[in-house]
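Engineer: Have a look at this one.
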Amino acid sequence: MSHEHFKGQFEVELKYRLASKPAFLAVLNSIVHQVMFEDNIESDSYFDTKEQTLLSQNKSVCIRECEPAGIKLWIVKGPEADRCEATNITDANNARSMLKNMGYEVSLEMKKQRSIYFVGKFHITVDHLAGLGDFAEFAIMTDDETMLDAYRTELVSLAAQFGLSEKQLEHRSYRSLQAAK
């Protein structure tokens with residue numbers, strides 16, 4: 001189990017809406033995997049300008065705290081769909097203050113229950129968001145932009161082992177889903 005799974009400037013991620021979380025977990029428990037953590041609560045604070053400049057540029061800045069794991073992250077996504085960088089931070093309150101000092105404000109706060117599993121080089125995130133439902137994200141991070149399509153194909157194949165198909169794919173971000181709620 002390694003944080004190496006989360007290194008890279010690109011993330012290939014496929015998000016699926018789960019019809020049955022217990023059925024999904026039964027499949028997961030039938031294959032070789034490692035547990036990073038289970039049933040943590042993640043609190044995300046998204047920042048933007050009053051004019052929503054980052055959102056209009058397909059970018060996001062998020063400060064994430066994960067408890068009880070104690071993980072704190074600064075996450076930047078976009079503008080390309082696969083562009084994602086995250087770094088560990090020690091003081092989430094200070095990071096929020098720094099963003100506010102730079103003219104950003106909290107544009108959305110969101111909580112989710114999250115479990116993270118490793119299956120080979122991939123990570124699978126199982127999320128529950130109140131009012132939105134259960135989801136599974138199949139993902140890999142990399143610095144090798146030439147591997148994005150190959151990884152996407154491998155992730156589709158892995159998801160198929162769980163009985164998931166294009167029909168269950170959710171293309172919207174949690175941020176978009178929450179805003180549309």
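In the structure tokens, chains take letters A, B, ... by order of appearance, with residues numbered from 1 within each chain and ligands from 1 in the order shown.
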Within stretch 85-167 of chain A, find each residue whose DSSP state, derived from the backbone, is strand (DSSP E), and express the selection as an MDAnalysis selection string.
Structural biologist: chainID A and resid 85:88 105:119 122:129 133:142
Engineer: Please provide as a PDB file with all heavy atoms, in the first residue's frame all residues within 12 Å of A:Ala180, with the sequence filter that same-chain residues fewer than 6 positions apart are discarded (counting only C-alpha atoms).
Structural biologist:
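For reference, out18.pdb as written:
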ATOM      1  N   GLY A 131     -27.554  12.413  -0.483  1.00  0.00           N
ATOM      2  CA  GLY A 131     -28.401  13.033  -1.497  1.00  0.00           C
ATOM      3  C   GLY A 131     -27.982  12.737  -2.924  1.00  0.00           C
ATOM      4  O   GLY A 131     -28.719  13.050  -3.866  1.00  0.00           O
ATOM      5  N   LEU A 132     -26.799  12.150  -3.113  1.00  0.00           N
ATOM      6  CA  LEU A 132     -26.327  11.837  -4.471  1.00  0.00           C
ATOM      7  C   LEU A 132     -26.173  10.340  -4.710  1.00  0.00           C
ATOM      8  O   LEU A 132     -26.294   9.874  -5.833  1.00  0.00           O
ATOM      9  CB  LEU A 132     -24.995  12.538  -4.763  1.00  0.00           C
ATOM     10  CG  LEU A 132     -25.024  14.058  -4.782  1.00  0.00           C
ATOM     11  CD1 LEU A 132     -23.619  14.605  -5.016  1.00  0.00           C
ATOM     12  CD2 LEU A 132     -25.977  14.565  -5.859  1.00  0.00           C
ATOM     13  N   ARG A 172     -20.010  13.664 -14.846  1.00  0.00           N
ATOM     14  CA  ARG A 172     -19.968  14.920 -14.103  1.00  0.00           C
ATOM     15  C   ARG A 172     -19.139  14.759 -12.832  1.00  0.00           C
ATOM     16  O   ARG A 172     -19.127  13.696 -12.219  1.00  0.00           O
ATOM     17  CB  ARG A 172     -21.382  15.370 -13.743  1.00  0.00           C
ATOM     18  CG  ARG A 172     -22.224  15.713 -14.970  1.00  0.00           C
ATOM     19  CD  ARG A 172     -23.662  15.920 -14.602  1.00  0.00           C
ATOM     20  NE  ARG A 172     -24.236  14.634 -14.194  1.00  0.00           N
ATOM     21  CZ  ARG A 172     -25.453  14.467 -13.711  1.00  0.00           C
ATOM     22  NH1 ARG A 172     -26.250  15.509 -13.565  1.00  0.00           N
ATOM     23  NH2 ARG A 172     -25.883  13.267 -13.368  1.00  0.00           N
ATOM     24  N   SER A 173     -18.486  15.827 -12.433  1.00  0.00           N
ATOM     25  CA  SER A 173     -17.724  15.828 -11.193  1.00  0.00           C
ATOM     26  C   SER A 173     -18.701  15.868 -10.016  1.00  0.00           C
ATOM     27  O   SER A 173     -19.868  16.256 -10.158  1.00  0.00           O
ATOM     28  CB  SER A 173     -16.800  17.048 -11.140  1.00  0.00           C
ATOM     29  OG  SER A 173     -17.576  18.233 -11.032  1.00  0.00           O
ATOM     30  N   TYR A 174     -18.200  15.485  -8.833  1.00  0.00           N
ATOM     31  CA  TYR A 174     -19.028  15.613  -7.634  1.00  0.00           C
ATOM     32  C   TYR A 174     -19.424  17.069  -7.439  1.00  0.00           C
ATOM     33  O   TYR A 174     -20.544  17.363  -7.022  1.00  0.00           O
ATOM     34  CB  TYR A 174     -18.283  15.115  -6.394  1.00  0.00           C
ATOM     35  CG  TYR A 174     -18.078  13.616  -6.358  1.00  0.00           C
ATOM     36  CD1 TYR A 174     -16.880  13.075  -5.919  1.00  0.00           C
ATOM     37  CD2 TYR A 174     -19.092  12.740  -6.748  1.00  0.00           C
ATOM     38  CE1 TYR A 174     -16.683  11.708  -5.868  1.00  0.00           C
ATOM     39  CE2 TYR A 174     -18.897  11.372  -6.717  1.00  0.00           C
ATOM     40  CZ  TYR A 174     -17.702  10.856  -6.262  1.00  0.00           C
ATOM     41  OH  TYR A 174     -17.518   9.501  -6.215  1.00  0.00           O
TER      42      TYR A 174
END
Engineer: Write out as a ChimeraX atom specification the set of residues from stretch 47-178 of chain A that DSSP, computed on the backbone, places in helix (DSSP H, G or I).
Structural biologist: /A:53-56,92-101,145-161,166-168,174-178
Engineer: Please compute the atom CA of A:Glu80-atom CA of A:Leu164 distance, one decimal, in Å.
Structural biologist: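 Separation between atom CA of A:Glu80 and atom CA of A:Leu164: 25.1 Å.
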Engineer: Would you pick out the contacts of A:Gly103 at 9 Å or less, using only C-alpha atoms, so that residues sharing its chain but fewer than 5 positions from it are not included, and give the list as a PyMOL selection string?
Structural biologist: chain A and resi 48-50+98
Engineer: Kindly indicate which residue among A:Leu28, A:Leu14, A:Ile89, A:Met102 lies nearest to A:Thr153, using only C-alpha atoms for the distances.
Structural biologist: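 Ranking A:Leu28, A:Leu14, A:Ile89, A:Met102 by distance to A:Thr153, first place goes to A:Leu14.
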Engineer: Could you give me, as a PyMOL selection string, the residues within 9 Å of A:Leu148, counting only C-alpha atoms and dropping anything in the same chain fewer than 2 positions from it?
Structural biologist: chain A and resi 10-12+82+142+144-146+150-153
Engineer: I need the chosen residues saved as a PDB file, in the first residue's frame, with N, CA and C atoms.
Structural biologist:
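Final output, saved to selection.pdb:
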ATOM      1  N   PHE A  10      -1.124  13.863 -14.081  1.00  0.00           N
ATOM      2  CA  PHE A  10      -2.312  13.470 -14.839  1.00  0.00           C
ATOM      3  C   PHE A  10      -3.029  12.358 -14.092  1.00  0.00           C
ATOM      4  N   GLU A  11      -4.347  12.379 -14.163  1.00  0.00           N
ATOM      5  CA  GLU A  11      -5.143  11.323 -13.550  1.00  0.00           C
ATOM      6  C   GLU A  11      -6.151  10.820 -14.577  1.00  0.00           C
ATOM      7  N   VAL A  12      -6.108   9.524 -14.820  1.00  0.00           N
ATOM      8  CA  VAL A  12      -7.148   8.887 -15.623  1.00  0.00           C
ATOM      9  C   VAL A  12      -8.144   8.346 -14.611  1.00  0.00           C
ATOM     10  N   ASP A  82      -7.871  15.399 -17.815  1.00  0.00           N
ATOM     11  CA  ASP A  82      -7.002  14.471 -17.091  1.00  0.00           C
ATOM     12  C   ASP A  82      -5.963  15.168 -16.218  1.00  0.00           C
ATOM     13  N   THR A 142      -0.336   9.534 -13.187  1.00  0.00           N
ATOM     14  CA  THR A 142       0.904   9.332 -13.926  1.00  0.00           C
ATOM     15  C   THR A 142       1.484  10.668 -14.364  1.00  0.00           C
ATOM     16  N   ASP A 144       3.256  10.363 -17.241  1.00  0.00           N
ATOM     17  CA  ASP A 144       3.445   9.964 -18.639  1.00  0.00           C
ATOM     18  C   ASP A 144       2.158  10.189 -19.435  1.00  0.00           C
ATOM     19  N   GLU A 145       2.075  11.336 -20.074  1.00  0.00           N
ATOM     20  CA  GLU A 145       0.872  11.705 -20.832  1.00  0.00           C
ATOM     21  C   GLU A 145       0.582  10.733 -21.969  1.00  0.00           C
ATOM     22  N   THR A 146       1.612  10.050 -22.484  1.00  0.00           N
ATOM     23  CA  THR A 146       1.409   9.113 -23.598  1.00  0.00           C
ATOM     24  C   THR A 146       0.658   7.853 -23.159  1.00  0.00           C
ATOM     25  N   ALA A 150      -4.070   4.249 -22.947  1.00  0.00           N
ATOM     26  CA  ALA A 150      -3.869   2.842 -22.568  1.00  0.00           C
ATOM     27  C   ALA A 150      -4.418   2.586 -21.167  1.00  0.00           C
ATOM     28  N   TYR A 151      -4.152   3.493 -20.240  1.00  0.00           N
ATOM     29  CA  TYR A 151      -4.678   3.330 -18.883  1.00  0.00           C
ATOM     30  C   TYR A 151      -6.201   3.380 -18.880  1.00  0.00           C
ATOM     31  N   ARG A 152      -6.777   4.256 -19.690  1.00  0.00           N
ATOM     32  CA  ARG A 152      -8.240   4.352 -19.755  1.00  0.00           C
ATOM     33  C   ARG A 152      -8.825   3.005 -20.203  1.00  0.00           C
ATOM     34  N   THR A 153      -8.212   2.380 -21.188  1.00  0.00           N
ATOM     35  CA  THR A 153      -8.672   1.076 -21.677  1.00  0.00           C
ATOM     36  C   THR A 153      -8.560   0.020 -20.574  1.00  0.00           C
TER      37      THR A 153
END
Engineer: Which polymer residues have any atom within 8 Å of an atom of A:Lys112, counting only C-alpha atoms, with same-chain residues fewer than 2 positions away left out, as a list in words?
Structural biologist: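 These residues fall inside the cut-off: Ile41, Glu42, Ser43, Met110, Arg114, Asp127, His128, Leu129 and Ala130 of chain A.
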Engineer: Show which residues sit within 6 Å of A:Phe122, as an mmCIF file with C-alpha atoms, in the first residue's frame. Count only C-alpha atoms, and ignore same-chain residues fewer than 4 positions away.
Structural biologist:
data_model
loop_
_atom_site.group_PDB
_atom_site.id
_atom_site.type_symbol
_atom_site.label_atom_id
_atom_site.label_comp_id
_atom_site.auth_asym_id
_atom_site.auth_seq_id
_atom_site.Cartn_x
_atom_site.Cartn_y
_atom_site.Cartn_z
ATOM 1 C CA PHE A 118 -5.474 -0.640 -4.396
ATOM 2 C CA ALA A 139 -8.154 5.651 -11.363
ATOM 3 C CA ILE A 140 -4.425 5.928 -11.861
#
Engineer: Using only C-alpha atoms for the distances, tell me which of A:Gln168, A:Gln113, A:Asn101, A:Gln52 is nearest to A:Ser20.
Structural biologist: A:Gln168
Engineer: Neighbouring residues of stretch 60-73 of chain A were defined as those with any atom within 8 Å, considering only C-alpha atoms; residues of the same chain fewer than 6 positions away were excluded. Please report them as a list in words.
Structural biologist: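 Once the adjacent positions are removed, what remains is Phe37, Asn40, Ile41, Glu42, Ser43, Asp44, Ser45, Tyr46, Phe47, Asp48, Leu54, Ala86, Thr87, Asn88, Ile89, Thr90, Asp91, Ala92, Ala95 and Arg96 of chain A.
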Engineer: Find the distance between atom CA of A:Gly120 and atom CA of A:His33 and write it in Å to one decimal.
Structural biologist: 7.3 Å
